[in-house]
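Visitor: Please find one structure pasted underneath; my questions will follow.
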Protein chains: 4
Amino acid sequence: VIRSAVVGASGYSGGELLRLLLPRDDVSVETIVAHSSVGKLVHEVHPHIPSLTDESFESLRFEELSGLDVVFLALPSGEAMTIVPNLIDKVARIIDLSGDFRLPVDLYERFYRRPHAAAELLDTAVYGLPELHREKITDAKLVANPGCYPTGGILALLPAVSTGIVETRGIVIDSMSGVTGAGRSASVEMSFAEVNENVRAYKVGVHQHIPEIEHTLSESANMRASVSFVPHLVPLNRGIYTTTHSRLVKKMTTDDIIELYSTFYQHEPFIRVKKGMPQIKEVAYTNFCDIGVVVEERTNQLISISVLDNLLKGAAGQAVQNMNIMFGCPDDRGLLTKEKLNV
Amino acid sequence: VIRSAVVGASGYSGGELLRLLLPRDDVSVETIVAHSSVGKLVHEVHPHIPSLTDESFESLRFEELSGLDVVFLALPSGEAMTIVPNLIDKVARIIDLSGDFRLPVDLYERFYRRPHAAAELLDTAVYGLPELHREKITDAKLVANPGCYPTGGILALLPAVSTGIVETRGIVIDSMSGVTGAGRSASVEMSFAEVNENVRAYKVGVHQHIPEIEHTLSESANMRASVSFVPHLVPLNRGIYTTTHSRLVKKMTTDDIIELYSTFYQHEPFIRVKKGMPQIKEVAYTNFCDIGVVVEERTNQLISISVLDNLLKGAAGQAVQNMNIMFGCPDDRGLLTKEKLNV
Amino acid sequence: VIRSAVVGASGYSGGELLRLLLPRDDVSVETIVAHSSVGKLVHEVHPHIPSLTDESFESLRFEELSGLDVVFLALPSGEAMTIVPNLIDKVARIIDLSGDFRLPVDLYERFYRRPHAAAELLDTAVYGLPELHREKITDAKLVANPGCYPTGGILALLPAVSTGIVETRGIVIDSMSGVTGAGRSASVEMSFAEVNENVRAYKVGVHQHIPEIEHTLSESANMRASVSFVPHLVPLNRGIYTTTHSRLVKKMTTDDIIELYSTFYQHEPFIRVKKGMPQIKEVAYTNFCDIGVVVEERTNQLISISVLDNLLKGAAGQAVQNMNIMFGCPDDRGLLTKEKLNV
Amino acid sequence: VIRSAVVGASGYSGGELLRLLLPRDDVSVETIVAHSSVGKLVHEVHPHIPSLTDESFESLRFEELSGLDVVFLALPSGEAMTIVPNLIDKVARIIDLSGDFRLPVDLYERFYRRPHAAAELLDTAVYGLPELHREKITDAKLVANPGCYPTGGILALLPAVSTGIVETRGIVIDSMSGVTGAGRSASVEMSFAEVNENVRAYKVGVHQHIPEIEHTLSESANMRASVSFVPHLVPLNRGIYTTTHSRLVKKMTTDDIIELYSTFYQHEPFIRVKKGMPQIKEVAYTNFCDIGVVVEERTNQLISISVLDNLLKGAAGQAVQNMNIMFGCPDDRGLLTKEKLNV
């Protein structure tokens with residue numbers, strides 16, 4: 001049995017982690033930590049998770065976590081980096097869902113606008129995108145689970161960028177996200193009346209996911225990638241729709257690209273390369289990332305589009321997939337049962 | 001292994017049946033029938049059901065169904081009654097999700113406005129509400145799975161009506177339903193632009209679920225119950241919110257009622273009696289029916305409210321619960337795994 | 001020119017007041033007061049009100065308001081009663097959109113759970129429902145503009161209750177409201193992720209609009225009316241759908257009721273009695289209240305349903321209608337142009 | 001008085017035309033034509049247009065239209081080109097809201113995939129974007145009112161493209177549209193259950209608005225512009241959000257661009273250049289197009305974003321603006337009253 005804990009379990013991602021972990025025979029959740037909800041029953045805060053546990057939320061105590069096989073951190077960015085240094089020698093593995101360990105220190109400090117409190121651990125961390133770093137994840141002590149936008153953007157572009165069929169400069173990514181991506185929040189701007197019947201772009205040119213996308217694509221391309229990225233808030237709960245535009249370096253057809261992408265991802269259980277355009281409703285509540293591609297022959301642009309559920313493949317689902325890889329389970333255990341969905 | 005088939009598998013309820021049945025070890029789905037989608041792959045029509053099957057939809061052939069343990073019929077009302085007479089001697093059990101076998105013939109013909117094609121089988125059919133007819137369901141040859149509105153209305157009122165604490169005349173039920181209750185449909189009035197930012201009542205005083213509610217409550221109360229029922233369409237995909245008002249025959253407090261309801265449903269795994277008001281989002285994508293009650297002391301009215309997911313406890317989930325009862329499985333198998341949710 | 005001011009102009013109702021008043025030739029808005037937004041430009045807070053003014057919000061100074069023809073108070077309940085005593089001798093007329101002057105002092109203190117700070121003025125206030133108190137409004141010094149739920153509930157029932165065709169005890173009212181009824185708010189429970197794909201009842205049996213409805217209906221019926229009222233939050237921005245059930249004292253048909261209602265409201269420019277069921281989208285962004293009625297003959301219940309825009313007929317539109325009546329303008333000036341809509 | 005007619009008045013754009021034209025003193029609507037609704041009362045089909053008319057829809061008869069000052073055609077693409085040849089000599093002016101007269105014949109036939117039935121009139125038609133062709137519109141016999149996506153895309157890019165500060169090749173436009181852009185439709189894919197909680201791209205690389213955008217931008221830039229355009233359907237009723245990316249030919253700051261755009265549009269009453277990011281809710285139900293710009297200095301990309309109401313500035317509002325220009329009225333008459341909104 002994999003002995004685990006979830007820290008930051010009262011938010012949307014934390015709730016999804018519990019929903020995925022609690023039913024498993026081969027995983028135990030020893031401690032459920034949530035600072036702001038200490039003492040509340042888990043099913044009061046997450047009533048849609050039926051009857052999974054009678055536990056209450058606890059406060060963070062390192063001695064309780066000591067000796068565990070894996071600890072999931074589902075905290076706001078900036079908190080994980082104060083906890084990991086104290087935790088890393090006490091537990092076997094850590095999977096951090098925040099942005100704290102995804103970037104080199106200079107990019108982190110520039111885009112997150114604060115000093116990094118545990119820069120010495122950045123080299124230890126493995127960027128946990130299974131489709132890219134499966135090998136490294138297997139042995140990782142500390143996995144930095146990718147952001148929701150970067151997961152969508154990178155998966156849409158990875159086969160093209162890493163095979164060199166598109167220019168790595170001037171890539172455009174426009175993403176549309178549901179509201180749970182922003183976490184549980186009490187603010188006028190996230191209130192129903194302001195989000196419903198509305199669309200708005202935000203953090204244009206300064207979003208902290210920009211360097212995460214560029215850094216990962218650059219690494220994959222072995223040359224510098226630059227991305228113009230605009231995130232948009234759209235009125236739905238779950239899902240990210242990511243539309244990318246890149247310039248092909250030679251003439252290729254849509255069928256060529258579908259074949260290239262299908263081959264590239266052929267062993268990845270959660271990537272589905274589609275013939276037509278993907279839709280959010282086809283991946284909501286699953287760990288799938290669906291991808292559709294079109295070559296716009298007039299302009300020789302590759303339009304590659306991905307969809308995923310921001311709380312699953314964009315957060316908790318991918319974290320569980322990483323845990324599976326780290327502990328030698330099939331990727332899809334607890335995500336698919338017998339190659340079938342358990343969500 | 002329970003050998004099953006789903007007829008009418010391309011709609012929303014049929015899709016949910018497949019999602020619940022296909023992952024099970026103890027159930028096999030031998031045939032997936034959908035008239036209008038014959039030849040299409042199941043996962044083309046239901047892409048949110050990941051990788052569960054590579055089968056295609058087939059047309060209805062009785063010889064294919066012959067000898068099966070159970071056949072689910074998820075067809076529009078009026079179609080099941082033409083099929084059941086030809087099927088009932090060929091298979092062990094039938095669970096019909098339509099309204100065709102829920103009512104005495106006179107009420108059926110009055111509210112459905114057509115003659116009944118298999119009236120001789122109405123006595124055979126058991127009304128499949130587990131909380132009411134658990135025993136009869138166990139041995140039923142033909143289960144008439146309850147309608148979505150009746151499930152919500154009856155479960156909200158059953159403890160009060162069957163214990164005689166409220167008057168059975170003059171009960172008021174106002175229900176608000178998401179759009180999937182109406183099935184997949186191509187109509188202007190169900191288009192996004194007409195449903196979004198709108199609420200509308202429909203079929204006021206003539207809805208076919210009225211006699212289903214009245215008939216069942218009358219039976220439980222051992223006296224005639226009359227109900228004023230108004231269904232409303234509200235802009236969401238899944239869920240029914242049912243608010244009921246009935247007159248208490250003596251003074252009781254909210255706490256009294258909570259205790260009475262909790263005791264009444266204490267052995268029912270899918271009923272949760274709440275302290276506060278229930279919410280659709282707490283039961284969406286589950287087979288739970290949550291119930292909240294308030295005694296309005298000024299008027300001595302009992303306000304009892306239920307919520308459920310119209311496609312699960314209001315349709316496919318309840319059908320699977322009925323199958324479990326019929327075949328000696330725990331109610332929650334495939335609905336909860338090890339008392340945990342599998343949805 | 002009617003010289004006016006709007007106090008509490010940064011909320012949704014205040015914004016609608018500005019949208020209705022600023023374009024008028026016969027009205028001037030001398031001061032725009034909003035405590036929390038002092039110094040901000042009006043069109044920054046209300047950008048959907050195009051180019052109507054270059055003014056900024058100001059703080060409340062009684063000397064600025066002194067001598068005005070009418071002051072609109074669009075403040076949270078509890079604030080108006082501290083302002084009105086200081087204002088009432090300085091200005092000609094006050095229209096208060098809050099609940100502070102709608103109830104007798106005992107009901108106010110019981111349902112609002114605080115002492116009334118200006119009980120001596122309650123007799124001065126006229127309950128500003130034009131369809132009921134047109135004469136009194138004409139000369140009123142202080143108009144208490146009705147609440148959004150009471151406007152819907154009372155207008156749906158007024159013809160029936162005041163002509164004695166229904167019992168006044170045991171009336172049931174279930175209302176479904178969009179979120180703007182709750183005002184601009186920063187709370188988790190009003191956030192998009194919690195409201196979307198959800199319905200929930202709230203304040204069951206204790207809502208402060210209950211005594212407002214009962215008191216007004218009792219007055220109209222000349223006998224005590226009792227109402228069981230449940231408000232529901234549904235996922236839309238604007239609109240209230242109000243479904244009422246009452247017992248007919250004699251047999252009547254749907255056509256009888258349509259005729260009675262049509263006659264009752266024949267001189268009211270904003271009431272439309274419909275043949276079928278009303279819909280929110282047919283009154284959104286207008287000052288209309290549409291009403292549909294059905295006699296359920298099985299149970300001899302009258303089901304009467306109203307719809308309105310909670311920010312217009314349920315708040316700012318009705319306030320402007322009241323102002324029109326008070327100053328001798330046609331009801332629909334600025335609400336309809338030449339019997340045509342100006343919204 | 002400008003004597004007008006609306007042909008195709010039962011759809012969403014036709015309804016908005018009526019809502020804008022009927023209240024005006026200086027315009028009469030002589031005939032309201034709608035093929036599929038002949039004989040129905042206008043306010044049955046458009047109940048949100050209160051009391052504007054007691055007329056019924058009529059069938060198209062050219063003799064009825066003969067001699068009018070202006071006829072609006074709000075028909076599906078492909079129908080206007082069969083009507084205009086018969087109408088153009090009988091009336092003074094035509095404003096066509098369809099795509100039939102916006103493109104050179106070769107582009108029309110390639111993207112609309114049918115032969116053009118009135119190619120000889122294409123030279124007569126003026127592309128009715130006031131911000132670009134104000135002079136020509138003044139005298140135009142036949143105005144081709146721009147498409148909703150092109151209005152958003154062109155207005156976002158026009159100042160940059162026509163002043164040569166961006167490269168005209170490799171422009172990217174991602175647009176998100178509400179559902180009314182697709183018109184009233186009875187289809188499964190536009191049903192609430194399929195659109196809600198979903199986003200999907202469609203007609204990628206082949207949308208008929210691509211040549212309209214490229215052709216107009218090329219003309220303004222005096223060199224060939226190429227655009228990679230992806231339209232997305234998002235779950236809201238009204239509004240188009242258009243995010244564009246283009247490469248600056250020299251270093252400029254965000255402030256430089258704001259100044260350039262503000263100057264470019266300084267005389268345009270319906271363009272508002274914003275400091276921050278625009279939002280759909282700030283322009284819904286108005287004729288405004290709001291524009292926000294950001295220079296992404298890392299990549300030297302200009303990100304320019306526009307929002308508009310697809311039924312107003314994207315259709316009926318712009319058509320009325322064109323009529324105003326054609327008949328010597330201020331642009332904003334009937335759209336703003338005394339520089340104030342009349343919508």
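Going by the structure tokens order, chains are called A, B, ..., each with residues numbered from 1, while ligands are numbered from 1 in the order shown.
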Near chain B, which residues of chain D fall within 7 Å when you count only C-alpha atoms, and what do they look like as a list in words?

Guide: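 That gives Val179, Thr180, Arg184, Ser185, Ala186, Ser187, Val188, Met190, Ser191, Phe192, Ala193, Val195 and Asn237 of chain D for chain D.
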
Visitor: Let me see the file: selected residues, all heavy atoms, as a short mmCIF file (atom, residue, chain, number, x, y, z; two decimals), in the first residue's frame.

Guide:
```
data_model
loop_
_atom_site.label_atom_id
_atom_site.label_comp_id
_atom_site.auth_asym_id
_atom_site.auth_seq_id
_atom_site.Cartn_x
_atom_site.Cartn_y
_atom_site.Cartn_z
N VAL D 179 -23.72 32.42 -28.82
CA VAL D 179 -24.47 31.56 -29.74
C VAL D 179 -25.42 32.30 -30.66
O VAL D 179 -25.81 31.76 -31.69
CB VAL D 179 -25.27 30.49 -28.98
CG1 VAL D 179 -24.33 29.58 -28.21
CG2 VAL D 179 -26.27 31.12 -28.04
N THR D 180 -25.83 33.53 -30.31
CA THR D 180 -26.79 34.20 -31.18
C THR D 180 -26.17 34.53 -32.52
O THR D 180 -26.90 34.77 -33.49
CB THR D 180 -27.36 35.48 -30.53
OG1 THR D 180 -26.26 36.29 -30.09
CG2 THR D 180 -28.27 35.15 -29.37
N ARG D 184 -31.15 31.77 -34.93
CA ARG D 184 -32.09 30.84 -34.31
C ARG D 184 -31.96 29.50 -34.97
O ARG D 184 -32.11 29.40 -36.18
CB ARG D 184 -33.51 31.34 -34.54
CG ARG D 184 -34.10 32.09 -33.41
CD ARG D 184 -35.63 32.06 -33.43
NE ARG D 184 -36.11 32.75 -32.24
CZ ARG D 184 -36.67 33.94 -32.24
NH1 ARG D 184 -36.85 34.59 -33.36
NH2 ARG D 184 -37.05 34.49 -31.10
N SER D 185 -31.72 28.45 -34.22
CA SER D 185 -31.49 27.20 -34.92
C SER D 185 -31.96 26.00 -34.11
O SER D 185 -31.82 25.95 -32.90
CB SER D 185 -30.00 27.03 -35.21
OG SER D 185 -29.29 27.03 -34.00
N ALA D 186 -32.53 25.05 -34.81
CA ALA D 186 -32.95 23.80 -34.21
C ALA D 186 -31.94 22.73 -34.58
O ALA D 186 -32.02 22.13 -35.64
CB ALA D 186 -34.34 23.42 -34.70
N SER D 187 -30.93 22.54 -33.72
CA SER D 187 -29.95 21.49 -34.01
C SER D 187 -29.43 20.96 -32.70
O SER D 187 -29.39 21.67 -31.70
CB SER D 187 -28.79 22.06 -34.84
OG SER D 187 -28.05 22.97 -34.07
N VAL D 188 -29.04 19.68 -32.69
CA VAL D 188 -28.47 19.11 -31.48
C VAL D 188 -27.22 19.88 -31.08
O VAL D 188 -27.02 20.20 -29.91
CB VAL D 188 -28.14 17.62 -31.68
CG1 VAL D 188 -27.30 17.09 -30.53
CG2 VAL D 188 -29.43 16.81 -31.79
N MET D 190 -26.40 22.93 -31.33
CA MET D 190 -26.62 24.22 -30.70
C MET D 190 -27.56 24.11 -29.49
O MET D 190 -27.96 25.13 -28.93
CB MET D 190 -27.20 25.21 -31.72
CG MET D 190 -26.26 25.54 -32.87
SD MET D 190 -24.64 26.17 -32.31
CE MET D 190 -25.11 27.87 -31.89
N SER D 191 -27.91 22.90 -29.09
CA SER D 191 -28.79 22.74 -27.93
C SER D 191 -28.03 23.09 -26.65
O SER D 191 -26.81 23.02 -26.59
CB SER D 191 -29.33 21.31 -27.86
OG SER D 191 -28.30 20.42 -27.50
N PHE D 192 -28.79 23.49 -25.65
CA PHE D 192 -28.17 23.93 -24.40
C PHE D 192 -27.22 22.88 -23.84
O PHE D 192 -26.10 23.19 -23.43
CB PHE D 192 -29.26 24.26 -23.37
CG PHE D 192 -28.69 24.85 -22.10
CD1 PHE D 192 -28.48 26.22 -21.99
CD2 PHE D 192 -28.36 24.05 -21.01
CE1 PHE D 192 -27.94 26.78 -20.83
CE2 PHE D 192 -27.82 24.59 -19.86
CZ PHE D 192 -27.61 25.95 -19.77
N ALA D 193 -27.67 21.62 -23.83
CA ALA D 193 -26.87 20.57 -23.21
C ALA D 193 -25.52 20.37 -23.90
O ALA D 193 -24.56 19.92 -23.29
CB ALA D 193 -27.64 19.25 -23.18
N VAL D 195 -23.88 22.95 -25.68
CA VAL D 195 -23.09 24.19 -25.70
C VAL D 195 -22.63 24.57 -24.29
O VAL D 195 -21.52 25.06 -24.09
CB VAL D 195 -23.93 25.34 -26.31
CG1 VAL D 195 -23.21 26.68 -26.17
CG2 VAL D 195 -24.25 25.05 -27.77
N ASN D 237 -24.79 34.09 -24.59
CA ASN D 237 -25.74 34.46 -25.62
C ASN D 237 -25.19 35.48 -26.60
O ASN D 237 -25.28 35.30 -27.81
CB ASN D 237 -27.03 35.02 -25.00
CG ASN D 237 -27.95 33.94 -24.47
OD1 ASN D 237 -27.65 32.74 -24.61
ND2 ASN D 237 -29.06 34.33 -23.88
#
```

Visitor: Can you pull out every residue from segment 151-223 of chain D that DSSP, working from the backbone, puts in strand (DSSP E or B), and format the result as a VMD selection string?

Guide: chain D and resid 166 171 to 177 191 200 to 201

Visitor: Take the residues just selected and output them with N, CA and C atoms as a PDB file, in the first residue's frame.

Guide:
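This is the output file part-v2.pdb:
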```pdb
ATOM      1  N   VAL D 166       2.791  46.993 -38.026  1.00  0.00           N
ATOM      2  CA  VAL D 166       2.898  45.535 -37.868  1.00  0.00           C
ATOM      3  C   VAL D 166       3.068  44.867 -39.219  1.00  0.00           C
ATOM      4  N   ILE D 171      -0.575  37.288 -39.305  1.00  0.00           N
ATOM      5  CA  ILE D 171      -1.458  37.783 -38.245  1.00  0.00           C
ATOM      6  C   ILE D 171      -2.315  36.620 -37.733  1.00  0.00           C
ATOM      7  N   VAL D 172      -2.488  36.558 -36.411  1.00  0.00           N
ATOM      8  CA  VAL D 172      -3.327  35.515 -35.809  1.00  0.00           C
ATOM      9  C   VAL D 172      -4.553  36.159 -35.167  1.00  0.00           C
ATOM     10  N   ILE D 173      -5.718  35.594 -35.435  1.00  0.00           N
ATOM     11  CA  ILE D 173      -6.956  36.068 -34.805  1.00  0.00           C
ATOM     12  C   ILE D 173      -7.696  34.874 -34.223  1.00  0.00           C
ATOM     13  N   ASP D 174      -7.876  34.884 -32.896  1.00  0.00           N
ATOM     14  CA  ASP D 174      -8.734  33.885 -32.251  1.00  0.00           C
ATOM     15  C   ASP D 174      -9.955  34.595 -31.701  1.00  0.00           C
ATOM     16  N   SER D 175     -11.133  34.161 -32.137  1.00  0.00           N
ATOM     17  CA  SER D 175     -12.374  34.812 -31.709  1.00  0.00           C
ATOM     18  C   SER D 175     -13.242  33.835 -30.940  1.00  0.00           C
ATOM     19  N   MET D 176     -13.933  34.371 -29.931  1.00  0.00           N
ATOM     20  CA  MET D 176     -14.871  33.577 -29.145  1.00  0.00           C
ATOM     21  C   MET D 176     -16.239  34.221 -29.259  1.00  0.00           C
ATOM     22  N   SER D 177     -17.204  33.454 -29.745  1.00  0.00           N
ATOM     23  CA  SER D 177     -18.514  34.040 -30.012  1.00  0.00           C
ATOM     24  C   SER D 177     -19.608  33.407 -29.166  1.00  0.00           C
ATOM     25  N   SER D 191     -27.906  22.899 -29.091  1.00  0.00           N
ATOM     26  CA  SER D 191     -28.793  22.742 -27.932  1.00  0.00           C
ATOM     27  C   SER D 191     -28.032  23.090 -26.654  1.00  0.00           C
ATOM     28  N   ARG D 200     -15.850  24.980 -28.270  1.00  0.00           N
ATOM     29  CA  ARG D 200     -15.338  24.251 -29.428  1.00  0.00           C
ATOM     30  C   ARG D 200     -15.010  25.205 -30.582  1.00  0.00           C
ATOM     31  N   ALA D 201     -13.907  24.928 -31.238  1.00  0.00           N
ATOM     32  CA  ALA D 201     -13.549  25.635 -32.458  1.00  0.00           C
ATOM     33  C   ALA D 201     -14.310  24.996 -33.615  1.00  0.00           C
TER      34      ALA D 201
END
```

Visitor: Counting only C-alpha atoms, what is within 12 Å of Leu248 of chain B, bar same-chain residues fewer than 6 positions away, as a count of residues only?

Guide: 27

Visitor: Need the shell around Thr53 of chain C: protein/DNA/RNA residues with any atom at most 8 Å away, counting only C-alpha atoms. Skip same-chain ones fewer than 2 positions apart. Format as a list in words?

Guide: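 Using only C-alpha atoms, the neighbours found are Leu22, Val42, His43, Ser51 and Glu55 of chain C.
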
Visitor: To one decimal place, how far is atom CA of Lys251 of chain C from atom CA of Ser228 of chain C in Å?

Guide: 23.4 Å

Visitor: So which residues of segment 191-334 of chain B fall under helix (DSSP H, G or I) by DSSP, listed as a ChimeraX atom specification?

Guide: /B:192-195,209-221,254-264,280-282,316-326

Visitor: Atoms to include: N, CA and C atoms. Write the selected residues as a short mmCIF file (atom, residue, chain, number, x, y, z; two decimals), in the first residue's frame.

Guide:
```
data_model
loop_
_atom_site.label_atom_id
_atom_site.label_comp_id
_atom_site.auth_asym_id
_atom_site.auth_seq_id
_atom_site.Cartn_x
_atom_site.Cartn_y
_atom_site.Cartn_z
N PHE B 192 -29.41 26.72 -26.96
CA PHE B 192 -28.74 27.46 -25.90
C PHE B 192 -29.29 28.87 -25.75
N ALA B 193 -29.48 29.56 -26.88
CA ALA B 193 -29.89 30.96 -26.81
C ALA B 193 -31.27 31.13 -26.18
N GLU B 194 -32.10 30.10 -26.23
CA GLU B 194 -33.45 30.20 -25.65
C GLU B 194 -33.49 29.74 -24.20
N VAL B 195 -32.59 28.86 -23.80
CA VAL B 195 -32.61 28.31 -22.44
C VAL B 195 -31.75 29.13 -21.49
N HIS B 209 -45.93 13.12 -15.40
CA HIS B 209 -45.41 12.63 -14.13
C HIS B 209 -46.35 12.90 -12.96
N ILE B 210 -47.37 13.71 -13.17
CA ILE B 210 -48.33 13.99 -12.09
C ILE B 210 -48.99 12.71 -11.59
N PRO B 211 -49.59 11.89 -12.46
CA PRO B 211 -50.26 10.69 -11.94
C PRO B 211 -49.27 9.71 -11.32
N GLU B 212 -48.05 9.71 -11.81
CA GLU B 212 -47.04 8.80 -11.24
C GLU B 212 -46.76 9.18 -9.77
N ILE B 213 -46.66 10.48 -9.53
CA ILE B 213 -46.42 10.94 -8.15
C ILE B 213 -47.65 10.67 -7.29
N GLU B 214 -48.81 11.08 -7.78
CA GLU B 214 -50.03 10.93 -6.98
C GLU B 214 -50.34 9.46 -6.68
N HIS B 215 -50.19 8.63 -7.70
CA HIS B 215 -50.50 7.22 -7.56
C HIS B 215 -49.60 6.58 -6.50
N THR B 216 -48.32 6.88 -6.54
CA THR B 216 -47.38 6.28 -5.61
C THR B 216 -47.59 6.81 -4.19
N LEU B 217 -47.81 8.11 -4.08
CA LEU B 217 -48.03 8.66 -2.74
C LEU B 217 -49.35 8.14 -2.15
N SER B 218 -50.36 8.01 -2.98
CA SER B 218 -51.66 7.49 -2.49
C SER B 218 -51.48 6.08 -1.93
N GLU B 219 -50.76 5.27 -2.69
CA GLU B 219 -50.48 3.91 -2.27
C GLU B 219 -49.75 3.88 -0.92
N SER B 220 -48.78 4.76 -0.77
CA SER B 220 -47.99 4.79 0.47
C SER B 220 -48.79 5.32 1.64
N ALA B 221 -49.70 6.23 1.37
CA ALA B 221 -50.49 6.84 2.44
C ALA B 221 -51.73 6.03 2.75
N THR B 254 -38.70 21.32 13.15
CA THR B 254 -37.77 20.89 12.11
C THR B 254 -36.94 19.70 12.60
N ASP B 255 -36.49 19.76 13.84
CA ASP B 255 -35.70 18.65 14.36
C ASP B 255 -36.49 17.34 14.40
N ASP B 256 -37.76 17.42 14.78
CA ASP B 256 -38.61 16.22 14.75
C ASP B 256 -38.59 15.59 13.36
N ILE B 257 -38.74 16.44 12.38
CA ILE B 257 -38.85 15.93 11.00
C ILE B 257 -37.52 15.34 10.55
N ILE B 258 -36.44 16.04 10.88
CA ILE B 258 -35.13 15.50 10.51
C ILE B 258 -34.96 14.11 11.11
N GLU B 259 -35.36 13.95 12.35
CA GLU B 259 -35.21 12.65 12.99
C GLU B 259 -36.09 11.59 12.31
N LEU B 260 -37.34 11.98 12.04
CA LEU B 260 -38.24 11.04 11.38
C LEU B 260 -37.70 10.61 10.02
N TYR B 261 -37.25 11.58 9.24
CA TYR B 261 -36.71 11.26 7.91
C TYR B 261 -35.44 10.41 8.02
N SER B 262 -34.57 10.77 8.95
CA SER B 262 -33.31 10.02 9.10
C SER B 262 -33.58 8.57 9.46
N THR B 263 -34.53 8.36 10.35
CA THR B 263 -34.88 7.00 10.74
C THR B 263 -35.50 6.25 9.56
N PHE B 264 -36.42 6.94 8.90
CA PHE B 264 -37.12 6.30 7.78
C PHE B 264 -36.14 5.78 6.73
N ILE B 280 -27.85 21.19 -5.75
CA ILE B 280 -27.64 20.28 -6.88
C ILE B 280 -26.18 19.89 -7.02
N LYS B 281 -25.27 20.85 -6.84
CA LYS B 281 -23.85 20.53 -7.09
C LYS B 281 -23.32 19.48 -6.12
N GLU B 282 -24.02 19.24 -5.02
CA GLU B 282 -23.55 18.24 -4.07
C GLU B 282 -23.95 16.82 -4.46
N ALA B 316 -30.45 6.44 -15.03
CA ALA B 316 -29.54 5.31 -15.22
C ALA B 316 -28.98 4.78 -13.90
N GLY B 317 -28.67 5.67 -12.96
CA GLY B 317 -28.12 5.21 -11.69
C GLY B 317 -29.13 4.36 -10.93
N GLN B 318 -30.38 4.83 -10.93
CA GLN B 318 -31.42 4.07 -10.25
C GLN B 318 -31.68 2.74 -10.95
N ALA B 319 -31.55 2.73 -12.27
CA ALA B 319 -31.72 1.47 -13.01
C ALA B 319 -30.64 0.47 -12.61
N VAL B 320 -29.42 0.93 -12.46
CA VAL B 320 -28.34 0.03 -12.03
C VAL B 320 -28.56 -0.40 -10.58
N GLN B 321 -29.01 0.52 -9.76
CA GLN B 321 -29.35 0.15 -8.38
C GLN B 321 -30.41 -0.97 -8.38
N ASN B 322 -31.40 -0.83 -9.24
CA ASN B 322 -32.42 -1.87 -9.35
C ASN B 322 -31.82 -3.19 -9.82
N MET B 323 -30.96 -3.13 -10.82
CA MET B 323 -30.30 -4.36 -11.27
C MET B 323 -29.54 -5.01 -10.12
N ASN B 324 -28.80 -4.21 -9.36
CA ASN B 324 -28.07 -4.77 -8.23
C ASN B 324 -29.00 -5.51 -7.27
N ILE B 325 -30.13 -4.89 -6.98
CA ILE B 325 -31.09 -5.52 -6.07
C ILE B 325 -31.62 -6.82 -6.68
N MET B 326 -31.93 -6.77 -7.96
CA MET B 326 -32.49 -7.94 -8.63
C MET B 326 -31.53 -9.13 -8.66
#
```

Visitor: Quick one: residues within 10 Å of Glu268 of chain D, only C-alpha atoms counted, chain neighbours fewer than 6 positions away excluded, as a VMD selection string?

Guide: chain D and resid 130 to 131 262 331

Visitor: Output C-alpha atoms of each residue in that selection to a file, as an mmCIF file, in the first residue's frame.

Guide:
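Final output, saved to part15.cif:
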```cif
data_model
loop_
_atom_site.group_PDB
_atom_site.id
_atom_site.type_symbol
_atom_site.label_atom_id
_atom_site.label_comp_id
_atom_site.auth_asym_id
_atom_site.auth_seq_id
_atom_site.Cartn_x
_atom_site.Cartn_y
_atom_site.Cartn_z
ATOM 1 C CA PRO D 130 -18.084 53.214 -40.882
ATOM 2 C CA GLU D 131 -14.624 53.465 -39.347
ATOM 3 C CA SER D 262 -6.888 56.604 -29.573
ATOM 4 C CA ASP D 331 -24.057 58.139 -36.192
#
```

Visitor: Env of segment 99-113 of chain D: 10 Å cut, atoms = only C-alpha atoms, seq-sep filter 6 positions within chain, self excluded. Answer as a ChimeraX atom specification.

Guide: /D:75-82,84,119-128,142-147,206-213,215-216
